[in-house]
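Undergrad: For reference, the structure I am asking about is given below.
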Amino acid sequence: MNTSSSRTTITTPQRKNPSMCQHQPPCPTSDSADREAARLVAHHPEQGWSLLCNGVLLFEDTGELLPDGQIIAPHRPILAMTAA
Ligand SMILES: [Zn+2]
């Protein structure tokens, strides 16, 4: 047996930006302050979340889940109802 073809090709894809944004102007990245301004790519109001183009999961209570697993606490009250 001739095992001359023992070559190891290790491919390490270096993706700095996980999103494949095709928009113009490009959407803000998930680590920018205005990440919520990114376009919606999926919207599931019945489940209470939306997926932004930059990979951010935006929940209806304004909480966010970033692509790197970071969780942003809700920063806007849902319904400030003062029942009379
Ligand atoms: Zn985009």
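To be explicit about the labels: the chains of the structure tokens are called A, B, and onward in the order shown, and within each one the residues are counted from 1, while ligands get numbers from 1 in the order they are shown.
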Using only C-alpha atoms, which protein or nucleic acid residues come within 8 Å of segment 42-57 of chain A? Drop anything in the same chain fewer than 3 positions from it, and give the result as a PDB file with N, CA and C atoms, in the first residue's frame.

TA:
```pdb
ATOM      1  N   PRO A  18     -20.110  37.592  10.661  1.00  0.00           N
ATOM      2  CA  PRO A  18     -20.888  36.384  10.397  1.00  0.00           C
ATOM      3  C   PRO A  18     -22.088  36.636   9.508  1.00  0.00           C
ATOM      4  N   SER A  19     -22.507  37.869   9.436  1.00  0.00           N
ATOM      5  CA  SER A  19     -23.685  38.162   8.632  1.00  0.00           C
ATOM      6  C   SER A  19     -23.312  38.325   7.173  1.00  0.00           C
ATOM      7  N   MET A  20     -24.216  37.923   6.327  1.00  0.00           N
ATOM      8  CA  MET A  20     -23.998  38.051   4.892  1.00  0.00           C
ATOM      9  C   MET A  20     -24.867  39.187   4.391  1.00  0.00           C
ATOM     10  N   CYS A  21     -24.570  40.362   4.880  1.00  0.00           N
ATOM     11  CA  CYS A  21     -25.417  41.503   4.566  1.00  0.00           C
ATOM     12  C   CYS A  21     -25.222  41.936   3.125  1.00  0.00           C
ATOM     13  N   CYS A  27     -26.062  46.988   6.894  1.00  0.00           N
ATOM     14  CA  CYS A  27     -26.645  47.083   8.217  1.00  0.00           C
ATOM     15  C   CYS A  27     -25.537  47.245   9.265  1.00  0.00           C
ATOM     16  N   PRO A  28     -25.850  47.904  10.349  1.00  0.00           N
ATOM     17  CA  PRO A  28     -24.878  48.004  11.443  1.00  0.00           C
ATOM     18  C   PRO A  28     -24.574  46.627  12.003  1.00  0.00           C
ATOM     19  N   THR A  29     -23.354  46.432  12.420  1.00  0.00           N
ATOM     20  CA  THR A  29     -22.953  45.127  12.943  1.00  0.00           C
ATOM     21  C   THR A  29     -23.558  44.904  14.319  1.00  0.00           C
ATOM     22  N   SER A  30     -23.473  43.664  14.783  1.00  0.00           N
ATOM     23  CA  SER A  30     -24.122  43.305  16.042  1.00  0.00           C
ATOM     24  C   SER A  30     -23.442  43.949  17.240  1.00  0.00           C
ATOM     25  N   ARG A  35     -27.336  48.611  16.486  1.00  0.00           N
ATOM     26  CA  ARG A  35     -27.558  47.304  15.861  1.00  0.00           C
ATOM     27  C   ARG A  35     -29.032  47.039  15.600  1.00  0.00           C
ATOM     28  N   GLU A  36     -29.899  47.681  16.379  1.00  0.00           N
ATOM     29  CA  GLU A  36     -31.331  47.458  16.176  1.00  0.00           C
ATOM     30  C   GLU A  36     -31.822  48.065  14.880  1.00  0.00           C
ATOM     31  N   ALA A  38     -30.646  47.381  12.050  1.00  0.00           N
ATOM     32  CA  ALA A  38     -30.446  46.433  10.969  1.00  0.00           C
ATOM     33  C   ALA A  38     -31.788  45.952  10.426  1.00  0.00           C
ATOM     34  N   ARG A  39     -31.756  45.497   9.188  1.00  0.00           N
ATOM     35  CA  ARG A  39     -32.997  45.033   8.570  1.00  0.00           C
ATOM     36  C   ARG A  39     -33.475  43.739   9.223  1.00  0.00           C
ATOM     37  N   GLU A  60     -39.536  40.864  21.756  1.00  0.00           N
ATOM     38  CA  GLU A  60     -40.571  41.903  21.781  1.00  0.00           C
ATOM     39  C   GLU A  60     -40.520  42.745  23.041  1.00  0.00           C
ATOM     40  N   GLU A  64     -32.311  41.480  23.838  1.00  0.00           N
ATOM     41  CA  GLU A  64     -31.595  41.069  22.644  1.00  0.00           C
ATOM     42  C   GLU A  64     -30.669  39.916  22.960  1.00  0.00           C
ATOM     43  N   LEU A  65     -30.476  39.076  21.958  1.00  0.00           N
ATOM     44  CA  LEU A  65     -29.493  38.001  22.058  1.00  0.00           C
ATOM     45  C   LEU A  65     -28.528  38.182  20.896  1.00  0.00           C
ATOM     46  N   LEU A  66     -27.286  38.471  21.228  1.00  0.00           N
ATOM     47  CA  LEU A  66     -26.298  38.730  20.196  1.00  0.00           C
ATOM     48  C   LEU A  66     -25.781  37.415  19.623  1.00  0.00           C
ATOM     49  N   PRO A  67     -25.225  37.445  18.419  1.00  0.00           N
ATOM     50  CA  PRO A  67     -24.733  36.221  17.780  1.00  0.00           C
ATOM     51  C   PRO A  67     -23.655  35.527  18.599  1.00  0.00           C
TER      52      PRO A  67
END
```

Undergrad: Mind checking DSSP for segment 21-72 of chain A and telling me the strand (DSSP E) residues as an NGL selection string?

TA: :A and (40-44 or 49-52 or 57-59 or 64-65 or 71-72)

Undergrad: Just N, CA and C atoms for this one: save the residues we selected as a PDB file, in the first residue's frame.

TA:
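Saved file again.pdb follows:
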```
ATOM      1  N   LEU A  40     -34.787  43.567   9.221  1.00  0.00           N
ATOM      2  CA  LEU A  40     -35.361  42.322   9.699  1.00  0.00           C
ATOM      3  C   LEU A  40     -35.232  41.261   8.618  1.00  0.00           C
ATOM      4  N   VAL A  41     -34.746  40.104   8.990  1.00  0.00           N
ATOM      5  CA  VAL A  41     -34.694  38.995   8.052  1.00  0.00           C
ATOM      6  C   VAL A  41     -35.695  37.919   8.421  1.00  0.00           C
ATOM      7  N   ALA A  42     -36.161  37.949   9.664  1.00  0.00           N
ATOM      8  CA  ALA A  42     -37.213  37.025  10.090  1.00  0.00           C
ATOM      9  C   ALA A  42     -38.005  37.702  11.185  1.00  0.00           C
ATOM     10  N   HIS A  43     -39.307  37.542  11.119  1.00  0.00           N
ATOM     11  CA  HIS A  43     -40.165  38.192  12.107  1.00  0.00           C
ATOM     12  C   HIS A  43     -41.213  37.187  12.549  1.00  0.00           C
ATOM     13  N   HIS A  44     -41.182  36.867  13.823  1.00  0.00           N
ATOM     14  CA  HIS A  44     -42.132  35.896  14.374  1.00  0.00           C
ATOM     15  C   HIS A  44     -42.831  36.523  15.569  1.00  0.00           C
ATOM     16  N   TRP A  49     -40.218  37.220  18.764  1.00  0.00           N
ATOM     17  CA  TRP A  49     -38.836  37.575  18.461  1.00  0.00           C
ATOM     18  C   TRP A  49     -38.693  37.883  16.988  1.00  0.00           C
ATOM     19  N   SER A  50     -37.634  38.609  16.704  1.00  0.00           N
ATOM     20  CA  SER A  50     -37.288  38.936  15.329  1.00  0.00           C
ATOM     21  C   SER A  50     -35.798  38.719  15.148  1.00  0.00           C
ATOM     22  N   LEU A  51     -35.427  38.317  13.948  1.00  0.00           N
ATOM     23  CA  LEU A  51     -34.013  38.132  13.645  1.00  0.00           C
ATOM     24  C   LEU A  51     -33.568  39.252  12.730  1.00  0.00           C
ATOM     25  N   LEU A  52     -32.525  39.948  13.160  1.00  0.00           N
ATOM     26  CA  LEU A  52     -32.007  41.037  12.353  1.00  0.00           C
ATOM     27  C   LEU A  52     -30.929  40.524  11.407  1.00  0.00           C
ATOM     28  N   LEU A  57     -30.870  38.596  17.676  1.00  0.00           N
ATOM     29  CA  LEU A  57     -32.246  38.219  17.954  1.00  0.00           C
ATOM     30  C   LEU A  57     -32.862  39.303  18.813  1.00  0.00           C
ATOM     31  N   LEU A  58     -33.921  39.882  18.307  1.00  0.00           N
ATOM     32  CA  LEU A  58     -34.572  40.974  19.022  1.00  0.00           C
ATOM     33  C   LEU A  58     -35.912  40.476  19.540  1.00  0.00           C
ATOM     34  N   PHE A  59     -36.069  40.540  20.858  1.00  0.00           N
ATOM     35  CA  PHE A  59     -37.312  40.068  21.459  1.00  0.00           C
ATOM     36  C   PHE A  59     -38.277  41.216  21.633  1.00  0.00           C
ATOM     37  N   GLU A  64     -32.311  41.480  23.838  1.00  0.00           N
ATOM     38  CA  GLU A  64     -31.595  41.069  22.644  1.00  0.00           C
ATOM     39  C   GLU A  64     -30.669  39.916  22.960  1.00  0.00           C
ATOM     40  N   LEU A  65     -30.476  39.076  21.958  1.00  0.00           N
ATOM     41  CA  LEU A  65     -29.493  38.001  22.058  1.00  0.00           C
ATOM     42  C   LEU A  65     -28.528  38.182  20.896  1.00  0.00           C
ATOM     43  N   ILE A  71     -26.253  38.479  26.073  1.00  0.00           N
ATOM     44  CA  ILE A  71     -27.653  38.807  26.276  1.00  0.00           C
ATOM     45  C   ILE A  71     -27.772  40.259  26.709  1.00  0.00           C
ATOM     46  N   ILE A  72     -28.611  40.981  26.013  1.00  0.00           N
ATOM     47  CA  ILE A  72     -28.877  42.366  26.363  1.00  0.00           C
ATOM     48  C   ILE A  72     -30.227  42.412  27.058  1.00  0.00           C
TER      49      ILE A  72
END
```

Undergrad: Of the candidates A:Pro74, A:Gly63, A:Gly69, A:Pro26, which one gets nearest to ligand 1 if we count only C-alpha atoms and all ligand atoms?

TA: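 Counting only C-alpha atoms and all ligand atoms, the residue closest to ligand 1 is A:Pro26.
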
Undergrad: Taking only C-alpha atoms and all ligand atoms into account, which of A:Ala33, A:Gln22, A:Ala73, A:Asp68 comes nearest ligand 1?

TA: A:Gln22
